[in-house]
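A.B. asks: Pasting query-v3.pdb below, which is PDB, C-alpha atoms, pLDDT in the B column.
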MODEL        1
ATOM      1  CA  MET A   1     -33.903  12.676 -17.910  1.00 75.00           C
ATOM      2  CA  ILE A   2     -32.028  13.884 -14.841  1.00 81.00           C
ATOM      3  CA  ASN A   3     -30.434  11.071 -12.826  1.00 85.00           C
ATOM      4  CA  LYS A   4     -30.725  12.096  -9.202  1.00 85.00           C
ATOM      5  CA  ASN A   5     -28.701   9.066  -8.064  1.00 84.00           C
ATOM      6  CA  SER A   6     -25.713   9.971 -10.237  1.00 87.00           C
ATOM      7  CA  PRO A   7     -22.527  11.346  -8.626  1.00 88.00           C
ATOM      8  CA  ILE A   8     -22.662  14.055 -11.321  1.00 89.00           C
ATOM      9  CA  PRO A   9     -24.263  17.207  -9.835  1.00 90.00           C
ATOM     10  CA  ILE A  10     -27.847  17.774 -10.944  1.00 91.00           C
ATOM     11  CA  TYR A  11     -27.188  21.355 -12.057  1.00 91.00           C
ATOM     12  CA  TYR A  12     -24.361  20.093 -14.289  1.00 91.00           C
ATOM     13  CA  GLN A  13     -26.626  17.435 -15.860  1.00 91.00           C
ATOM     14  CA  LEU A  14     -29.194  20.095 -16.714  1.00 92.00           C
ATOM     15  CA  GLU A  15     -26.495  22.439 -18.022  1.00 92.00           C
ATOM     16  CA  GLU A  16     -25.145  19.729 -20.344  1.00 91.00           C
ATOM     17  CA  LYS A  17     -28.661  18.821 -21.495  1.00 91.00           C
ATOM     18  CA  ILE A  18     -29.342  22.428 -22.528  1.00 92.00           C
ATOM     19  CA  LYS A  19     -25.891  22.710 -24.161  1.00 88.00           C
ATOM     20  CA  ASN A  20     -26.637  19.609 -26.240  1.00 88.00           C
ATOM     21  CA  GLN A  21     -29.986  21.056 -27.325  1.00 89.00           C
ATOM     22  CA  ILE A  22     -28.186  24.206 -28.474  1.00 85.00           C
ATOM     23  CA  ASP A  23     -25.351  22.338 -30.215  1.00 81.00           C
ATOM     24  CA  GLN A  24     -27.780  20.023 -32.029  1.00 83.00           C
ATOM     25  CA  GLY A  25     -29.985  22.907 -33.154  1.00 83.00           C
ATOM     26  CA  ASP A  26     -33.040  21.987 -31.080  1.00 89.00           C
ATOM     27  CA  LEU A  27     -32.615  25.389 -29.453  1.00 89.00           C
ATOM     28  CA  LYS A  28     -31.615  28.048 -31.979  1.00 86.00           C
ATOM     29  CA  PRO A  29     -30.086  31.526 -31.516  1.00 83.00           C
ATOM     30  CA  GLY A  30     -32.790  33.884 -30.302  1.00 86.00           C
ATOM     31  CA  ASP A  31     -35.020  31.104 -28.899  1.00 91.00           C
ATOM     32  CA  MET A  32     -36.285  31.698 -25.372  1.00 93.00           C
ATOM     33  CA  LEU A  33     -35.539  29.021 -22.800  1.00 93.00           C
ATOM     34  CA  PRO A  34     -38.334  27.620 -20.617  1.00 92.00           C
ATOM     35  CA  SER A  35     -38.691  29.388 -17.276  1.00 92.00           C
ATOM     36  CA  GLU A  36     -36.970  28.186 -14.122  1.00 92.00           C
ATOM     37  CA  ARG A  37     -40.359  26.990 -12.870  1.00 92.00           C
ATOM     38  CA  GLU A  38     -40.945  24.947 -16.048  1.00 93.00           C
ATOM     39  CA  TYR A  39     -37.530  23.281 -15.815  1.00 92.00           C
ATOM     40  CA  ALA A  40     -38.061  22.568 -12.111  1.00 92.00           C
ATOM     41  CA  THR A  41     -41.454  20.984 -12.765  1.00 93.00           C
ATOM     42  CA  THR A  42     -40.282  18.988 -15.811  1.00 92.00           C
ATOM     43  CA  TYR A  43     -37.296  17.425 -14.053  1.00 91.00           C
ATOM     44  CA  GLY A  44     -38.544  17.411 -10.460  1.00 91.00           C
ATOM     45  CA  ILE A  45     -35.685  19.567  -9.201  1.00 91.00           C
ATOM     46  CA  SER A  46     -35.445  22.816  -7.258  1.00 92.00           C
ATOM     47  CA  ARG A  47     -35.554  26.224  -8.923  1.00 92.00           C
ATOM     48  CA  MET A  48     -32.267  27.040  -7.172  1.00 93.00           C
ATOM     49  CA  THR A  49     -30.618  24.113  -9.000  1.00 94.00           C
ATOM     50  CA  VAL A  50     -32.091  25.313 -12.296  1.00 93.00           C
ATOM     51  CA  ARG A  51     -30.830  28.840 -11.619  1.00 92.00           C
ATOM     52  CA  GLN A  52     -27.327  27.498 -10.960  1.00 93.00           C
ATOM     53  CA  ALA A  53     -27.305  25.692 -14.325  1.00 92.00           C
ATOM     54  CA  ILE A  54     -28.653  28.711 -16.228  1.00 92.00           C
ATOM     55  CA  THR A  55     -26.168  31.074 -14.566  1.00 91.00           C
ATOM     56  CA  LYS A  56     -23.307  28.810 -15.669  1.00 88.00           C
ATOM     57  CA  LEU A  57     -24.642  28.848 -19.249  1.00 88.00           C
ATOM     58  CA  VAL A  58     -24.865  32.647 -19.127  1.00 86.00           C
ATOM     59  CA  ASN A  59     -21.284  32.910 -17.857  1.00 78.00           C
ATOM     60  CA  ASP A  60     -20.090  30.586 -20.638  1.00 75.00           C
ATOM     61  CA  GLY A  61     -21.880  32.642 -23.308  1.00 76.00           C
ATOM     62  CA  TYR A  62     -24.412  29.996 -24.377  1.00 82.00           C
ATOM     63  CA  VAL A  63     -27.401  32.074 -23.300  1.00 85.00           C
ATOM     64  CA  TYR A  64     -28.157  35.595 -22.135  1.00 84.00           C
ATOM     65  CA  ARG A  65     -30.790  37.137 -19.888  1.00 86.00           C
ATOM     66  CA  LYS A  66     -33.154  39.982 -20.752  1.00 85.00           C
ATOM     67  CA  LYS A  67     -34.403  41.657 -17.598  1.00 83.00           C
ATOM     68  CA  GLY A  68     -38.141  41.221 -17.219  1.00 83.00           C
ATOM     69  CA  THR A  69     -38.379  39.048 -20.349  1.00 88.00           C
ATOM     70  CA  GLY A  70     -36.485  35.763 -20.021  1.00 90.00           C
ATOM     71  CA  THR A  71     -33.364  33.855 -21.038  1.00 92.00           C
ATOM     72  CA  PHE A  72     -32.432  33.468 -24.703  1.00 90.00           C
ATOM     73  CA  VAL A  73     -29.984  31.392 -26.743  1.00 87.00           C
ATOM     74  CA  SER A  74     -26.926  33.395 -27.825  1.00 80.00           C
ATOM     75  CA  GLU A  75     -25.538  33.559 -31.334  1.00 74.00           C
ATOM     76  CA  LYS A  76     -22.849  30.950 -31.890  1.00 71.00           C
ATOM     77  CA  LYS A  77     -19.317  32.234 -31.317  1.00 64.00           C
ATOM     78  CA  ILE A  78     -16.820  32.394 -34.153  1.00 61.00           C
ATOM     79  CA  GLU A  79     -13.719  30.405 -33.273  1.00 59.00           C
ATOM     80  CA  GLN A  80     -10.377  31.605 -34.607  1.00 59.00           C
ATOM     81  CA  PRO A  81      -7.246  29.435 -34.364  1.00 55.00           C
ATOM     82  CA  LEU A  82      -4.186  31.305 -33.161  1.00 57.00           C
ATOM     83  CA  GLN A  83      -1.643  29.223 -35.077  1.00 55.00           C
ATOM     84  CA  GLY A  84      -1.763  31.005 -38.433  1.00 56.00           C
ATOM     85  CA  LEU A  85      -1.647  34.607 -39.592  1.00 57.00           C
ATOM     86  CA  THR A  86      -4.745  35.404 -41.619  1.00 59.00           C
ATOM     87  CA  SER A  87      -6.783  38.520 -42.176  1.00 61.00           C
ATOM     88  CA  PHE A  88     -10.302  39.005 -40.814  1.00 67.00           C
ATOM     89  CA  THR A  89     -11.601  38.847 -44.398  1.00 64.00           C
ATOM     90  CA  GLU A  90      -9.876  35.491 -44.998  1.00 63.00           C
ATOM     91  CA  ASP A  91     -11.193  34.118 -41.679  1.00 66.00           C
ATOM     92  CA  MET A  92     -14.802  34.986 -42.444  1.00 66.00           C
ATOM     93  CA  LYS A  93     -14.672  33.663 -46.027  1.00 70.00           C
ATOM     94  CA  ALA A  94     -13.207  30.385 -44.736  1.00 65.00           C
ATOM     95  CA  ARG A  95     -16.274  30.036 -42.488  1.00 63.00           C
ATOM     96  CA  GLY A  96     -18.704  30.686 -45.308  1.00 69.00           C
ATOM     97  CA  MET A  97     -19.610  34.095 -43.919  1.00 71.00           C
ATOM     98  CA  THR A  98     -19.672  37.394 -45.766  1.00 77.00           C
ATOM     99  CA  PRO A  99     -16.988  39.766 -44.442  1.00 75.00           C
ATOM    100  CA  GLY A 100     -17.537  43.485 -44.387  1.00 81.00           C
ATOM    101  CA  ASN A 101     -16.175  46.748 -43.025  1.00 83.00           C
ATOM    102  CA  ARG A 102     -17.748  49.925 -41.793  1.00 88.00           C
ATOM    103  CA  LEU A 103     -15.140  52.674 -42.027  1.00 89.00           C
ATOM    104  CA  VAL A 104     -15.234  54.926 -38.968  1.00 92.00           C
ATOM    105  CA  HIS A 105     -12.320  57.133 -39.982  1.00 91.00           C
ATOM    106  CA  PHE A 106      -9.358  57.104 -42.369  1.00 92.00           C
ATOM    107  CA  LYS A 107      -6.613  59.719 -42.218  1.00 93.00           C
ATOM    108  CA  VAL A 108      -2.877  60.324 -42.307  1.00 94.00           C
ATOM    109  CA  VAL A 109      -1.533  61.587 -38.972  1.00 96.00           C
ATOM    110  CA  PRO A 110       1.914  62.186 -37.440  1.00 96.00           C
ATOM    111  CA  ALA A 111       3.064  59.140 -35.501  1.00 95.00           C
ATOM    112  CA  THR A 112       2.919  59.472 -31.739  1.00 94.00           C
ATOM    113  CA  SER A 113       5.948  58.307 -29.778  1.00 94.00           C
ATOM    114  CA  SER A 114       4.293  54.986 -28.872  1.00 92.00           C
ATOM    115  CA  VAL A 115       3.131  54.244 -32.442  1.00 94.00           C
ATOM    116  CA  ALA A 116       6.554  55.260 -33.807  1.00 95.00           C
ATOM    117  CA  ASN A 117       8.201  52.899 -31.322  1.00 94.00           C
ATOM    118  CA  TYR A 118       6.020  49.970 -32.386  1.00 94.00           C
ATOM    119  CA  LEU A 119       6.595  50.633 -36.110  1.00 95.00           C
ATOM    120  CA  LYS A 120      10.308  51.467 -35.738  1.00 95.00           C
ATOM    121  CA  ILE A 121       9.926  54.860 -37.409  1.00 95.00           C
ATOM    122  CA  HIS A 122      10.566  58.417 -36.280  1.00 95.00           C
ATOM    123  CA  GLU A 123       8.074  60.289 -34.169  1.00 94.00           C
ATOM    124  CA  ASN A 124       5.855  62.508 -36.350  1.00 95.00           C
ATOM    125  CA  ASP A 125       6.500  60.386 -39.456  1.00 96.00           C
ATOM    126  CA  PRO A 126       3.216  60.121 -41.418  1.00 96.00           C
ATOM    127  CA  VAL A 127       1.141  57.025 -40.674  1.00 96.00           C
ATOM    128  CA  TYR A 128      -2.296  55.894 -41.756  1.00 95.00           C
ATOM    129  CA  GLU A 129      -4.743  55.789 -38.850  1.00 95.00           C
ATOM    130  CA  ILE A 130      -7.656  53.600 -39.858  1.00 92.00           C
ATOM    131  CA  GLN A 131     -10.589  52.637 -37.674  1.00 94.00           C
ATOM    132  CA  ARG A 132     -13.067  50.067 -38.934  1.00 90.00           C
ATOM    133  CA  VAL A 133     -15.941  48.043 -37.575  1.00 92.00           C
ATOM    134  CA  ARG A 134     -15.384  44.508 -38.848  1.00 88.00           C
ATOM    135  CA  LEU A 135     -18.585  42.729 -39.895  1.00 86.00           C
ATOM    136  CA  ALA A 136     -19.555  39.104 -40.466  1.00 80.00           C
ATOM    137  CA  ASP A 137     -22.858  38.629 -42.307  1.00 83.00           C
ATOM    138  CA  ASN A 138     -23.455  42.325 -41.533  1.00 84.00           C
ATOM    139  CA  VAL A 139     -23.123  41.785 -37.752  1.00 84.00           C
ATOM    140  CA  PRO A 140     -20.465  43.866 -35.908  1.00 88.00           C
ATOM    141  CA  MET A 141     -17.706  41.601 -34.592  1.00 85.00           C
ATOM    142  CA  ALA A 142     -14.800  43.905 -33.783  1.00 88.00           C
ATOM    143  CA  LEU A 143     -13.671  47.510 -33.666  1.00 93.00           C
ATOM    144  CA  GLU A 144     -10.197  47.721 -35.184  1.00 92.00           C
ATOM    145  CA  THR A 145      -7.765  50.646 -35.196  1.00 94.00           C
ATOM    146  CA  SER A 146      -4.720  50.182 -37.458  1.00 93.00           C
ATOM    147  CA  TYR A 147      -1.534  52.200 -37.913  1.00 96.00           C
ATOM    148  CA  LEU A 148       0.687  51.724 -40.986  1.00 95.00           C
ATOM    149  CA  PRO A 149       3.723  53.723 -42.165  1.00 95.00           C
ATOM    150  CA  GLU A 150       2.697  55.721 -45.232  1.00 94.00           C
ATOM    151  CA  LYS A 151       6.094  55.236 -46.896  1.00 94.00           C
ATOM    152  CA  LEU A 152       5.799  51.425 -46.655  1.00 93.00           C
ATOM    153  CA  VAL A 153       2.185  51.170 -47.779  1.00 92.00           C
ATOM    154  CA  PRO A 154       1.634  53.926 -50.340  1.00 92.00           C
ATOM    155  CA  GLY A 155      -1.617  54.434 -52.172  1.00 90.00           C
ATOM    156  CA  VAL A 156      -4.031  53.163 -49.537  1.00 89.00           C
ATOM    157  CA  THR A 157      -7.551  54.486 -50.167  1.00 87.00           C
ATOM    158  CA  LYS A 158     -10.923  54.221 -48.482  1.00 84.00           C
ATOM    159  CA  GLU A 159     -11.990  51.806 -51.219  1.00 83.00           C
ATOM    160  CA  ILE A 160      -9.082  49.474 -50.419  1.00 84.00           C
ATOM    161  CA  MET A 161      -9.993  49.572 -46.729  1.00 79.00           C
ATOM    162  CA  GLN A 162     -13.480  48.342 -47.598  1.00 74.00           C
ATOM    163  CA  SER A 163     -11.948  45.051 -48.752  1.00 73.00           C
ATOM    164  CA  SER A 164      -8.745  43.350 -47.547  1.00 78.00           C
ATOM    165  CA  LEU A 165      -5.691  45.390 -46.581  1.00 82.00           C
ATOM    166  CA  TYR A 166      -3.458  42.312 -46.502  1.00 85.00           C
ATOM    167  CA  GLU A 167      -4.490  41.409 -50.034  1.00 86.00           C
ATOM    168  CA  TYR A 168      -3.537  44.909 -51.202  1.00 90.00           C
ATOM    169  CA  ILE A 169      -0.161  44.775 -49.434  1.00 91.00           C
ATOM    170  CA  GLU A 170       0.759  41.391 -50.915  1.00 91.00           C
ATOM    171  CA  ALA A 171      -0.921  41.439 -54.339  1.00 90.00           C
ATOM    172  CA  ALA A 172      -0.658  45.112 -55.308  1.00 90.00           C
ATOM    173  CA  LEU A 173       2.520  46.164 -53.489  1.00 92.00           C
ATOM    174  CA  GLY A 174       4.347  42.824 -53.736  1.00 92.00           C
ATOM    175  CA  LYS A 175       5.298  42.790 -50.048  1.00 92.00           C
ATOM    176  CA  LYS A 176       5.186  39.475 -48.195  1.00 92.00           C
ATOM    177  CA  ILE A 177       3.700  39.462 -44.714  1.00 90.00           C
ATOM    178  CA  LYS A 178       5.533  36.858 -42.664  1.00 90.00           C
ATOM    179  CA  GLU A 179       4.451  36.910 -39.032  1.00 89.00           C
ATOM    180  CA  ALA A 180       2.773  38.777 -36.202  1.00 87.00           C
ATOM    181  CA  THR A 181       2.648  38.776 -32.429  1.00 88.00           C
ATOM    182  CA  GLN A 182      -0.626  39.201 -30.543  1.00 86.00           C
ATOM    183  CA  ILE A 183      -1.432  40.114 -26.972  1.00 87.00           C
ATOM    184  CA  ILE A 184      -4.951  39.275 -25.761  1.00 87.00           C
ATOM    185  CA  GLU A 185      -6.625  40.484 -22.586  1.00 89.00           C
ATOM    186  CA  SER A 186     -10.157  40.844 -21.300  1.00 86.00           C
ATOM    187  CA  SER A 187     -11.984  44.086 -20.605  1.00 90.00           C
ATOM    188  CA  THR A 188     -15.442  45.655 -20.711  1.00 91.00           C
ATOM    189  CA  ALA A 189     -16.818  47.777 -23.526  1.00 90.00           C
ATOM    190  CA  ASN A 190     -16.384  51.532 -23.279  1.00 92.00           C
ATOM    191  CA  GLN A 191     -19.048  53.914 -24.600  1.00 92.00           C
ATOM    192  CA  ASN A 192     -17.545  54.091 -28.096  1.00 92.00           C
ATOM    193  CA  GLU A 193     -17.383  50.291 -28.335  1.00 92.00           C
ATOM    194  CA  VAL A 194     -20.945  49.962 -26.993  1.00 92.00           C
ATOM    195  CA  GLU A 195     -22.236  52.183 -29.788  1.00 92.00           C
ATOM    196  CA  LEU A 196     -20.157  50.812 -32.671  1.00 93.00           C
ATOM    197  CA  LEU A 197     -20.337  47.113 -31.743  1.00 91.00           C
ATOM    198  CA  GLN A 198     -24.006  47.290 -30.736  1.00 88.00           C
ATOM    199  CA  VAL A 199     -23.483  45.674 -27.343  1.00 86.00           C
ATOM    200  CA  ARG A 200     -24.836  46.455 -23.896  1.00 83.00           C
ATOM    201  CA  LYS A 201     -22.992  48.741 -21.496  1.00 84.00           C
ATOM    202  CA  SER A 202     -20.037  47.025 -19.777  1.00 84.00           C
ATOM    203  CA  SER A 203     -20.324  43.950 -22.022  1.00 84.00           C
ATOM    204  CA  PRO A 204     -17.201  41.748 -21.997  1.00 86.00           C
ATOM    205  CA  ILE A 205     -14.774  42.272 -24.863  1.00 88.00           C
ATOM    206  CA  LEU A 206     -11.424  40.826 -25.921  1.00 87.00           C
ATOM    207  CA  LEU A 207      -8.720  43.440 -26.413  1.00 90.00           C
ATOM    208  CA  ILE A 208      -6.116  42.374 -28.961  1.00 88.00           C
ATOM    209  CA  GLU A 209      -2.896  44.165 -29.805  1.00 91.00           C
ATOM    210  CA  ARG A 210      -1.110  42.909 -32.930  1.00 89.00           C
ATOM    211  CA  HIS A 211       2.315  43.735 -34.353  1.00 92.00           C
ATOM    212  CA  THR A 212       2.755  42.562 -37.970  1.00 92.00           C
ATOM    213  CA  TYR A 213       6.084  42.114 -39.797  1.00 94.00           C
ATOM    214  CA  LEU A 214       7.329  41.630 -43.353  1.00 93.00           C
ATOM    215  CA  GLU A 215       9.744  38.877 -44.439  1.00 92.00           C
ATOM    216  CA  ASP A 216      12.787  41.025 -43.623  1.00 92.00           C
ATOM    217  CA  GLY A 217      11.472  41.790 -40.135  1.00 93.00           C
ATOM    218  CA  THR A 218      10.251  45.302 -40.932  1.00 95.00           C
ATOM    219  CA  PRO A 219       7.174  46.263 -38.867  1.00 95.00           C
ATOM    220  CA  ILE A 220       4.334  47.118 -41.229  1.00 94.00           C
ATOM    221  CA  GLU A 221       1.295  47.305 -38.986  1.00 94.00           C
ATOM    222  CA  PHE A 222       0.266  48.043 -35.416  1.00 95.00           C
ATOM    223  CA  VAL A 223      -3.339  47.174 -34.592  1.00 93.00           C
ATOM    224  CA  LYS A 224      -5.551  47.577 -31.551  1.00 93.00           C
ATOM    225  CA  SER A 225      -8.844  45.676 -31.701  1.00 90.00           C
ATOM    226  CA  ALA A 226     -11.842  45.156 -29.455  1.00 92.00           C
ATOM    227  CA  TYR A 227     -13.684  41.893 -30.227  1.00 87.00           C
ATOM    228  CA  ARG A 228     -17.141  41.038 -28.938  1.00 86.00           C
ATOM    229  CA  ALA A 229     -16.622  38.293 -26.361  1.00 83.00           C
ATOM    230  CA  ASP A 230     -20.177  37.076 -26.916  1.00 79.00           C
ATOM    231  CA  ARG A 231     -19.464  36.355 -30.599  1.00 76.00           C
ATOM    232  CA  TYR A 232     -15.767  35.502 -30.750  1.00 73.00           C
ATOM    233  CA  ARG A 233     -13.336  33.137 -29.081  1.00 70.00           C
ATOM    234  CA  PHE A 234      -9.752  32.112 -29.800  1.00 69.00           C
ATOM    235  CA  MET A 235      -8.401  28.574 -29.933  1.00 69.00           C
ATOM    236  CA  ILE A 236      -4.854  27.247 -29.827  1.00 68.00           C
ATOM    237  CA  ASN A 237      -3.678  23.679 -30.382  1.00 66.00           C
ATOM    238  CA  MET A 238      -0.780  22.811 -28.058  1.00 58.00           C
ATOM    239  CA  LYS A 239       1.458  19.799 -28.590  1.00 64.00           C
ATOM    240  CA  ARG A 240       4.102  18.326 -26.358  1.00 70.00           C
TER     241      ARG A 240
ENDMDL
END
Please re-express this file's structure in structure tokens.

C.D. replies:
Amino acid sequence: MINKNSPIPIYYQLEEKIKNQIDQGDLKPGDMLPSEREYATTYGISRMTVRQAITKLVNDGYVYRKKGTGTFVSEKKIEQPLQGLTSFTEDMKARGMTPGNRLVHFKVVPATSSVANYLKIHENDPVYEIQRVRLADNVPMALETSYLPEKLVPGVTKEIMQSSLYEYIEAALGKKIKEATQIIESSTANQNEVELLQVRKSSPILLIERHTYLEDGTPIEFVKSAYRADRYRFMINMKR
């Protein structure tokens, strides 16, 4: 029950109670929460206090509101550690999920000046431009646009892009991927991302730019990705 004599704010107690119900599976993804009035009556608290707790849960991604319908439990976010360099396919398999790709386009184009600069090649050199929707258990998670020098990664096909590009680079081409740098920032979904990721207009997304290198330091990949912020979060373990 809610302890009204506790120094812990009442809205925070209710927020934690609902979080625990979600974490323990008492409230499952897609379940509708009781109304503000029901919570207020059950715990003998004001609807304003209930609204404050629910708003915090919405902001933290635990639940979402449907206008005119109610508040529902969100799908659990996938958590990706930032310490290691793994492919999306490897990440999903490690979580017991089925990875998948929906190829938006695949073509060889002349490198723009910015892409050439990132890949340390000449402007107009041929590069693969590959855009894919990355899926987990057939749910869109990210929209990824990759650029790779054609001379470094020959023989890439649409069939290869339906599986794991990293596996092809290392197993078929015998090139060892060593490291990558990533830049992460927040944004809102544009119209293309809304359609391909199946999110609402102006939904929050995580923009990720990755530069990937081989053992000898040669850049092999430049990637721009838009991840659904309601389904994905990144974690880093920091030691002193």

A.B. asks: What would the selection look like, as a list in words, if the PyMOL selection byres ((chain A and resi 150) around 9) were run on the coordinates I just shared?

C.D. replies: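 After applying the PyMOL selection byres ((chain A and resi 150) around 9), what remains is Val108, Asp125, Pro126, Val127, Tyr128, Leu148, Pro149, Lys151, Leu152, Val153, Pro154, Gly155 and Val156 of chain A.
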
A.B. asks: Given the file shown, enumerate the residues that the PyMOL selection byres ((chain A and resi 3) around 12) captures and present them as a PyMOL selection string.

C.D. replies: chain A and resi 1-2+4-14+17+43-45

A.B. asks: Would you work out the distance separating CA of Thr41 (chain A) from CA of Asn59 (chain A), expressed in Å to one decimal?

C.D. replies: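 Distance between the two atoms: 24.0 Å.
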
A.B. asks: What does the PyMOL selection byres ((chain A and resi 19) around 12) select in this file, as an mmCIF file with C-alpha atoms, in the frame of the given file?

C.D. replies:
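For reference, out-v5.cif as written:
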data_model
loop_
_atom_site.group_PDB
_atom_site.id
_atom_site.type_symbol
_atom_site.label_atom_id
_atom_site.label_comp_id
_atom_site.auth_asym_id
_atom_site.auth_seq_id
_atom_site.Cartn_x
_atom_site.Cartn_y
_atom_site.Cartn_z
ATOM 1 C CA TYR A 12 -24.361 20.093 -14.289
ATOM 2 C CA GLN A 13 -26.626 17.435 -15.860
ATOM 3 C CA LEU A 14 -29.194 20.095 -16.714
ATOM 4 C CA GLU A 15 -26.495 22.439 -18.022
ATOM 5 C CA GLU A 16 -25.145 19.729 -20.344
ATOM 6 C CA LYS A 17 -28.661 18.821 -21.495
ATOM 7 C CA ILE A 18 -29.342 22.428 -22.528
ATOM 8 C CA ASN A 20 -26.637 19.609 -26.240
ATOM 9 C CA GLN A 21 -29.986 21.056 -27.325
ATOM 10 C CA ILE A 22 -28.186 24.206 -28.474
ATOM 11 C CA ASP A 23 -25.351 22.338 -30.215
ATOM 12 C CA GLN A 24 -27.780 20.023 -32.029
ATOM 13 C CA GLY A 25 -29.985 22.907 -33.154
ATOM 14 C CA ASP A 26 -33.040 21.987 -31.080
ATOM 15 C CA LEU A 27 -32.615 25.389 -29.453
ATOM 16 C CA LYS A 28 -31.615 28.048 -31.979
ATOM 17 C CA LEU A 33 -35.539 29.021 -22.800
ATOM 18 C CA ALA A 53 -27.305 25.692 -14.325
ATOM 19 C CA ILE A 54 -28.653 28.711 -16.228
ATOM 20 C CA LYS A 56 -23.307 28.810 -15.669
ATOM 21 C CA LEU A 57 -24.642 28.848 -19.249
ATOM 22 C CA VAL A 58 -24.865 32.647 -19.127
ATOM 23 C CA ASP A 60 -20.090 30.586 -20.638
ATOM 24 C CA GLY A 61 -21.880 32.642 -23.308
ATOM 25 C CA TYR A 62 -24.412 29.996 -24.377
ATOM 26 C CA VAL A 63 -27.401 32.074 -23.300
ATOM 27 C CA VAL A 73 -29.984 31.392 -26.743
ATOM 28 C CA SER A 74 -26.926 33.395 -27.825
ATOM 29 C CA LYS A 76 -22.849 30.950 -31.890
#

A.B. asks: Find the distance between CA of Ile177 (chain A) and CA of Val133 (chain A) and write it in Å to one decimal.

C.D. replies: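 The value is 22.6 Å.
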
A.B. asks: Work out how far CA of Thr98 (chain A) is from CA of Asp230 (chain A), in Å to one decimal.

C.D. replies: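 Rounded to one decimal, the two atoms are 18.9 Å apart.
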
A.B. asks: Would you kindly return, as a VMD selection string, each protein, DNA or RNA residue with an atom no farther than 7 Å from any atom of Met32 (chain A), considering all atoms listed in the file and excluding same-chain residues fewer than 4 positions away?

C.D. replies: chain A and resid 70 to 73

A.B. asks: For each of A:Lys158, A:Lys107, A:Arg132, A:Arg47, take the minimum atom-to-atom distance to Glu193 (chain A), counting all atoms listed in the file, then give the residue where this is smallest.

C.D. replies: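 Counting all atoms listed in the file, the residue closest to Glu193 (chain A) is A:Arg132.
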